[in-house]
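Coordinates as given in start-v1.cif (mmCIF, C-alpha atoms):
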```
data_model
loop_
_atom_site.label_atom_id
_atom_site.label_comp_id
_atom_site.auth_asym_id
_atom_site.auth_seq_id
_atom_site.Cartn_x
_atom_site.Cartn_y
_atom_site.Cartn_z
CA PRO Q 1 15.16 -7.58 4.50
CA THR Q 2 11.74 -7.37 6.11
CA VAL Q 3 9.64 -4.72 7.85
CA LEU Q 4 7.02 -7.05 9.34
CA CYS Q 5 6.38 -6.12 12.98
CA LYS Q 6 7.23 -8.96 15.34
CA ILE Q 7 4.34 -10.70 17.08
CA VAL Q 8 5.15 -11.01 20.77
CA GLY Q 9 2.19 -13.22 21.58
CA VAL Q 10 -1.42 -14.09 20.83
CA TYR Q 11 -3.79 -14.49 23.76
CA GLN Q 12 -7.39 -15.49 24.26
CA ILE Q 13 -9.19 -13.66 27.03
CA GLY Q 14 -12.54 -14.82 28.34
CA TYR Q 15 -14.83 -13.56 31.03
CA HIS Q 16 -18.15 -14.69 32.43
CA ASN Q 17 -20.90 -12.33 33.57
CA ARG Q 18 -22.52 -14.17 36.46
CA VAL Q 19 -25.50 -11.85 36.50
CA THR Q 20 -26.56 -12.36 32.87
CA GLY Q 21 -24.80 -15.68 32.38
CA ARG Q 22 -23.15 -14.37 29.23
CA ARG Q 23 -19.68 -15.60 28.30
CA THR Q 24 -17.40 -13.56 26.05
CA MET Q 25 -14.14 -14.58 24.41
CA GLU Q 26 -11.69 -12.20 22.76
CA GLN Q 27 -8.42 -12.75 20.91
CA VAL Q 28 -5.62 -10.25 21.54
CA ALA Q 29 -2.38 -9.99 19.57
CA VAL Q 30 0.57 -8.22 21.18
CA MET Q 31 3.00 -6.76 18.64
CA GLN Q 32 6.37 -5.04 18.74
CA ASN Q 33 6.41 -1.33 19.53
CA ILE Q 34 8.55 0.03 16.71
CA PHE Q 35 8.45 3.55 18.16
CA TYR Q 36 10.04 2.63 21.49
CA GLY Q 37 12.80 5.07 22.43
CA ARG Q 38 11.95 7.34 19.52
CA LYS Q 39 10.67 10.91 19.45
CA ILE Q 40 7.98 10.55 16.81
CA SER Q 41 6.30 13.73 15.61
CA LYS Q 42 3.87 12.23 13.07
CA ILE Q 43 2.38 8.76 12.56
CA PHE Q 44 0.78 7.50 9.36
CA ASP Q 45 -1.10 4.26 8.73
CA LEU Q 46 -0.84 3.62 4.98
CA LYS Q 47 -2.76 1.03 2.96
CA GLY Q 48 -2.33 2.38 -0.56
CA SER Q 49 -5.98 3.33 -0.95
CA LEU Q 50 -7.67 6.72 -0.68
CA ARG Q 51 -11.21 5.38 -0.24
CA GLY Q 52 -12.27 6.59 3.21
CA ARG Q 53 -8.63 7.11 4.18
CA PHE Q 54 -8.69 10.72 5.36
CA THR Q 55 -9.04 11.93 8.94
CA ARG Q 56 -8.59 15.71 8.57
CA GLN Q 57 -6.66 15.60 11.84
CA GLY Q 58 -3.88 17.69 10.32
CA ASN Q 59 -6.24 20.56 9.48
CA VAL Q 60 -7.92 20.34 12.87
CA GLU Q 61 -4.54 20.53 14.63
CA LYS Q 62 -3.51 23.58 12.58
CA GLU Q 63 -6.80 25.33 13.29
CA LYS Q 64 -6.57 24.60 17.02
CA LYS Q 65 -2.97 25.77 17.14
CA SER Q 66 -3.66 29.00 15.28
CA SER Q 67 -6.73 29.78 17.39
CA LYS Q 68 -4.79 29.04 20.57
CA ILE Q 69 -1.96 31.35 19.54
CA SER Q 70 -4.37 34.12 18.59
CA LYS Q 71 -6.05 33.86 22.00
CA GLN Q 72 -2.84 33.63 23.98
CA TYR Q 73 -0.96 36.57 22.53
CA VAL Q 74 -2.13 40.15 22.86
CA ARG Q 75 -0.55 42.91 20.82
CA SER Q 76 0.39 45.97 22.86
CA LYS Q 77 1.84 49.21 21.51
CA SER Q 78 5.08 50.38 23.08
CA ASP Q 79 4.94 53.67 24.99
CA GLY Q 80 8.41 54.70 23.76
CA THR Q 81 9.40 56.36 20.52
CA SER Q 82 9.94 53.04 18.78
CA ASP Q 83 7.28 52.04 16.28
CA SER Q 84 7.91 48.29 16.75
CA ASP Q 85 5.15 46.11 18.20
CA SER Q 86 5.74 43.96 21.26
CA PHE Q 87 3.91 40.75 22.03
CA SER Q 88 3.12 39.51 25.50
CA SER Q 89 1.76 36.09 26.35
CA GLU Q 90 -1.18 35.92 28.69
CA GLU Q 91 -0.24 32.39 29.62
CA ASP Q 92 3.30 33.44 30.51
CA ASP Q 93 1.96 36.28 32.63
CA ASP Q 94 -0.23 33.88 34.59
CA ASP Q 95 2.66 31.48 35.16
CA SER Q 96 5.01 34.23 36.30
CA THR Q 97 2.42 35.51 38.71
CA SER Q 98 1.86 32.13 40.30
CA VAL Q 99 5.59 31.50 40.67
CA SER Q 100 6.31 34.89 42.23
CA SER Q 101 3.42 34.54 44.67
CA GLY Q 102 4.80 34.00 48.14
CA GLY Q 103 1.59 32.71 49.74
CA MET Q 104 1.63 29.31 48.00
CA ASP Q 105 2.26 26.32 50.20
CA LYS Q 106 3.92 23.04 49.27
CA ASP Q 107 0.67 21.16 48.60
CA ASP Q 108 -0.52 23.81 46.15
CA LYS Q 109 2.77 23.66 44.29
CA THR Q 110 2.59 19.87 44.14
CA SER Q 111 -0.97 19.94 42.78
CA ASN Q 112 0.01 22.53 40.16
CA ASN Q 113 2.98 20.41 39.08
CA ALA Q 114 0.72 17.35 38.85
CA GLU Q 115 -1.74 19.27 36.68
CA LYS Q 116 1.06 20.43 34.41
CA GLY Q 117 2.31 16.84 34.18
CA GLU Q 118 -1.14 15.65 33.15
CA LYS Q 119 -1.36 18.37 30.50
CA SER Q 120 2.06 17.46 29.10
CA ASP Q 121 1.08 13.77 28.96
CA LYS Q 122 -2.08 14.62 27.04
CA SER Q 123 -0.19 16.85 24.62
CA GLU Q 124 2.21 14.01 23.81
CA SER Q 125 -0.53 11.83 22.29
CA ILE Q 126 -0.06 11.78 18.53
CA PRO Q 127 -3.04 11.00 16.26
CA THR Q 128 -2.60 8.30 13.63
CA LEU Q 129 -3.13 9.78 10.16
CA LEU Q 130 -4.10 7.93 6.98
CA ASP Q 131 -3.23 7.95 3.28
CA GLY Q 132 -5.12 11.12 2.45
CA ASP Q 133 -3.44 12.95 5.31
CA PHE Q 134 -0.05 11.68 4.14
CA LEU Q 135 -0.57 13.10 0.65
CA GLU Q 136 -1.72 16.37 2.19
CA PHE Q 137 1.37 16.41 4.42
CA THR Q 138 3.68 15.90 1.43
CA SER Q 139 1.61 18.23 -0.80
CA GLY Q 140 1.04 15.33 -3.20
CA ARG Q 141 4.77 14.77 -3.73
CA PRO Q 142 6.72 11.61 -2.79
CA LEU Q 143 8.63 11.66 0.47
CA PRO Q 144 12.39 11.69 -0.31
CA LEU Q 145 14.66 8.87 0.93
CA THR Q 146 18.35 8.23 0.42
CA ASP Q 147 19.19 5.74 -2.29
CA ARG Q 148 20.25 3.03 0.17
CA ALA Q 149 17.22 3.55 2.42
CA LYS Q 150 14.89 3.45 -0.58
CA ALA Q 151 16.51 0.25 -1.88
CA VAL Q 152 16.14 -1.53 1.48
CA PHE Q 153 12.58 -0.24 1.86
CA HIS Q 154 11.64 -1.35 -1.67
CA MET Q 155 13.07 -4.86 -1.24
CA SER Q 156 11.39 -5.24 2.17
CA ILE Q 157 8.00 -4.27 0.75
CA LEU Q 158 8.39 -6.72 -2.15
CA ASN Q 159 9.46 -9.58 0.14
CA ASP Q 160 6.76 -9.03 2.74
CA THR Q 161 3.86 -8.45 0.35
CA LEU Q 162 4.83 -11.53 -1.69
CA PHE Q 163 4.89 -13.64 1.47
CA LEU Q 164 1.53 -12.28 2.68
CA SER Q 165 -0.04 -12.79 -0.74
CA ILE Q 166 1.12 -16.43 -0.85
CA ILE Q 167 -0.47 -17.20 2.51
CA ASN Q 168 -3.67 -15.41 1.39
CA VAL Q 169 -3.42 -12.44 3.79
CA LEU Q 170 -4.73 -8.95 3.05
CA ASP Q 171 -5.91 -5.76 4.74
CA TYR Q 172 -2.46 -5.10 6.21
CA SER Q 173 -0.95 -1.63 6.38
CA ILE Q 174 2.41 -0.02 6.99
CA LEU Q 175 2.94 2.17 10.01
CA VAL Q 176 5.24 5.12 9.29
CA GLY Q 177 6.64 7.32 12.04
CA ILE Q 178 8.70 10.45 11.42
CA ASP Q 179 11.59 10.90 13.84
CA GLU Q 180 12.54 14.52 13.23
CA GLU Q 181 15.30 14.39 15.85
CA LYS Q 182 17.28 11.76 13.94
CA MET Q 183 15.81 12.65 10.53
CA GLU Q 184 14.67 9.05 10.04
CA LEU Q 185 11.54 7.13 9.10
CA VAL Q 186 10.49 4.25 11.35
CA VAL Q 187 8.33 1.78 9.44
CA GLY Q 188 6.68 -1.56 10.05
CA ILE Q 189 3.89 -3.60 8.45
CA ILE Q 190 1.07 -4.31 10.90
CA ASP Q 191 -2.36 -6.00 10.94
CA PHE Q 192 -1.23 -8.92 8.78
CA MET Q 193 -3.26 -11.61 10.55
CA ARG Q 194 -6.46 -11.38 8.48
CA GLN Q 195 -6.86 -14.01 5.78
CA TYR Q 196 -9.10 -13.69 2.76
CA ASP Q 197 -11.88 -15.91 4.05
CA ILE Q 198 -15.59 -16.06 3.26
CA LEU Q 199 -16.29 -13.09 5.55
CA LYS Q 200 -13.81 -10.89 3.71
CA GLN Q 201 -15.26 -12.03 0.38
CA MET Q 202 -18.73 -11.02 1.49
CA GLU Q 203 -17.38 -7.69 2.76
CA ARG Q 204 -15.74 -7.04 -0.60
CA VAL Q 205 -18.96 -7.74 -2.46
CA GLY Q 206 -20.95 -5.55 -0.08
CA LYS Q 207 -18.55 -2.61 -0.49
CA SER Q 208 -18.46 -3.02 -4.26
CA LEU Q 209 -22.23 -2.78 -4.78
CA PRO Q 210 -22.66 0.96 -4.02
CA MET Q 211 -19.69 1.92 -6.19
CA VAL Q 212 -20.22 4.08 -9.25
CA VAL Q 213 -18.24 4.11 -12.47
CA GLY Q 214 -14.91 5.90 -12.06
CA SER Q 215 -14.78 5.64 -8.27
CA GLU Q 216 -11.85 4.07 -6.50
CA ALA Q 217 -11.80 0.32 -5.82
CA PRO Q 218 -12.88 -0.86 -2.35
CA THR Q 219 -10.25 -1.44 0.31
CA ILE Q 220 -11.06 -5.18 0.46
CA ILE Q 221 -9.86 -6.93 -2.70
CA GLN Q 222 -8.19 -10.24 -3.50
CA PRO Q 223 -4.71 -10.70 -1.96
CA PRO Q 224 -2.77 -10.52 -5.29
CA LEU Q 225 -4.58 -7.31 -6.24
CA TYR Q 226 -4.10 -5.95 -2.73
CA LYS Q 227 -0.37 -6.68 -3.00
CA ALA Q 228 -0.11 -4.90 -6.36
CA ARG Q 229 -2.00 -1.85 -5.13
CA PHE Q 230 0.04 -1.68 -1.95
CA THR Q 231 3.44 -1.91 -3.67
CA ASN Q 232 2.44 0.62 -6.35
CA ALA Q 233 1.32 3.06 -3.67
CA MET Q 234 4.62 2.75 -1.79
CA GLU Q 235 6.43 3.63 -5.02
CA ARG Q 236 4.27 6.75 -5.32
CA TYR Q 237 4.59 7.73 -1.67
CA PHE Q 238 8.40 7.49 -1.44
CA MET Q 239 11.17 8.41 -3.88
CA THR Q 240 14.95 8.13 -4.15
CA VAL Q 241 17.12 11.20 -3.71
CA PRO Q 242 20.51 10.53 -5.34
CA SER Q 243 23.75 11.52 -3.66
CA LYS Q 244 27.30 11.85 -4.95
CA TRP Q 245 27.84 8.15 -4.22
CA THR Q 246 24.77 7.05 -6.20
CA THR Q 247 25.65 4.92 -9.21
CA ILE Q 248 23.70 5.37 -12.40
#
```
Just give me the structure of the file as structure tokens.
Amino acid sequence: PTVLCKIVGVYQIGYHNRVTGRRTMEQVAVMQNIFYGRKISKIFDLKGSLRGRFTRQGNVEKEKKSSKISKQYVRSKSDGTSDSDSFSSEEDDDDSTSVSSGGMDKDDKTSNNAEKGEKSDKSESIPTLLDGDFLEFTSGRPLPLTDRAKAVFHMSILNDTLFLSIINVLDYSILVGIDEEKMELVVGIIDFMRQYDILKQMERVGKSLPMVVGSEAPTIIQPPLYKARFTNAMERYFMTVPSKWTTI
């Protein structure tokens, strides 16, 4: 088995600025969209290293959500004999008012629907989280997988990392999407087109110089060491949950 994302094509795009006379060439790789047709709630880009691999997007989202809820909802005391509290949404009140308004013409309704569509499109964008965010999401515990899923995942990681190490490739990562609707993980190894050339060697040396004793190794290391760190991290990030059919 393999979890390498398929490469659809590699293109070279060039353009010429006639004003400055400058020519620019760029290489673009088009890869398989492993999340097509899926309802992904969280996306993680995992490399097996914690050095600079934390975005704090999860905390920011929680803070924004809690502040939004606190602003939206207003507590009002019931006038009856009941001591229970009722909650009314300011946003819902605004929407109900606009819908019940009889003076709205067709163009206004269309513009409002378009604005709502734009807001829903923006809310669907999911940030890509990193290793530190993954450990925060799982509270430092491995993510449970069924025994068969873990076996296929483990063999795929071993096969792919061995192949990439042989051809002297490093700096790849595994993209993990959580499909909560189907209770599945969608995974695929991406960014596996960078070989360990002289530029990567210089980058590794440059990142290693400011390190202090006891700090974590830099993200750029030799391919065999990168492979070992990557596979060890996947073993820490995911675990097997036995079922009644699991053989011991």
Min atom-atom distance to Thr246 in chain Q from the set Q:Lys42, Q:Lys150, Q:Arg18, Q:Arg141, counting only C-alpha atoms, belongs to Q:Lys150
Take the PyMOL selection byres ((chain Q and resi 41) around 10), apply it to the structure above, and return the hits as a PyMOL selection string.
chain Q and resi 38-40+42-43+124-127+177-181
Between Q:Asn33, Q:Thr161, Q:Thr20, Q:Gln27, which is the closest to Asn232 in chain Q once you count all atoms listed in the file?
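Closest candidate: Q:Thr161.
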Smallest atom-to-atom distance to Thr128 in chain Q: which of Q:Arg53, Q:Arg148, Q:His154, Q:Arg194, using all atoms listed in the file?
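Distance minimum relative to Thr128 in chain Q lands on Q:Arg53.
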Given the PyMOL selection byres ((chain Q and resi 243) around 12), the residues it picks as an mmCIF file with C-alpha atoms, in the frame of the given file:
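To be explicit, this is the file written out as selection.cif:
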```cif
data_model
loop_
_atom_site.group_PDB
_atom_site.id
_atom_site.type_symbol
_atom_site.label_atom_id
_atom_site.label_comp_id
_atom_site.auth_asym_id
_atom_site.auth_seq_id
_atom_site.Cartn_x
_atom_site.Cartn_y
_atom_site.Cartn_z
ATOM 1 C CA PRO Q 144 12.390 11.690 -0.310
ATOM 2 C CA LEU Q 145 14.660 8.870 0.930
ATOM 3 C CA THR Q 146 18.350 8.230 0.420
ATOM 4 C CA ASP Q 147 19.190 5.740 -2.290
ATOM 5 C CA ARG Q 148 20.250 3.030 0.170
ATOM 6 C CA ALA Q 149 17.220 3.550 2.420
ATOM 7 C CA THR Q 240 14.950 8.130 -4.150
ATOM 8 C CA VAL Q 241 17.120 11.200 -3.710
ATOM 9 C CA PRO Q 242 20.510 10.530 -5.340
ATOM 10 C CA LYS Q 244 27.300 11.850 -4.950
ATOM 11 C CA TRP Q 245 27.840 8.150 -4.220
ATOM 12 C CA THR Q 246 24.770 7.050 -6.200
ATOM 13 C CA THR Q 247 25.650 4.920 -9.210
ATOM 14 C CA ILE Q 248 23.700 5.370 -12.400
#
```
As a check of understanding, name the residues that the PyMOL selection byres ((chain Q and resi 132) around 6) selects in the supplied structure, as a ChimeraX atom specification.
/Q:50,53-54,130-131,133-135
Preceding selection exported with C-alpha atoms as an mmCIF file, keeping the file's coordinate frame:
```
data_model
loop_
_atom_site.group_PDB
_atom_site.id
_atom_site.type_symbol
_atom_site.label_atom_id
_atom_site.label_comp_id
_atom_site.auth_asym_id
_atom_site.auth_seq_id
_atom_site.Cartn_x
_atom_site.Cartn_y
_atom_site.Cartn_z
ATOM 1 C CA LEU Q 50 -7.670 6.720 -0.680
ATOM 2 C CA ARG Q 53 -8.630 7.110 4.180
ATOM 3 C CA PHE Q 54 -8.690 10.720 5.360
ATOM 4 C CA LEU Q 130 -4.100 7.930 6.980
ATOM 5 C CA ASP Q 131 -3.230 7.950 3.280
ATOM 6 C CA ASP Q 133 -3.440 12.950 5.310
ATOM 7 C CA PHE Q 134 -0.050 11.680 4.140
ATOM 8 C CA LEU Q 135 -0.570 13.100 0.650
#
```
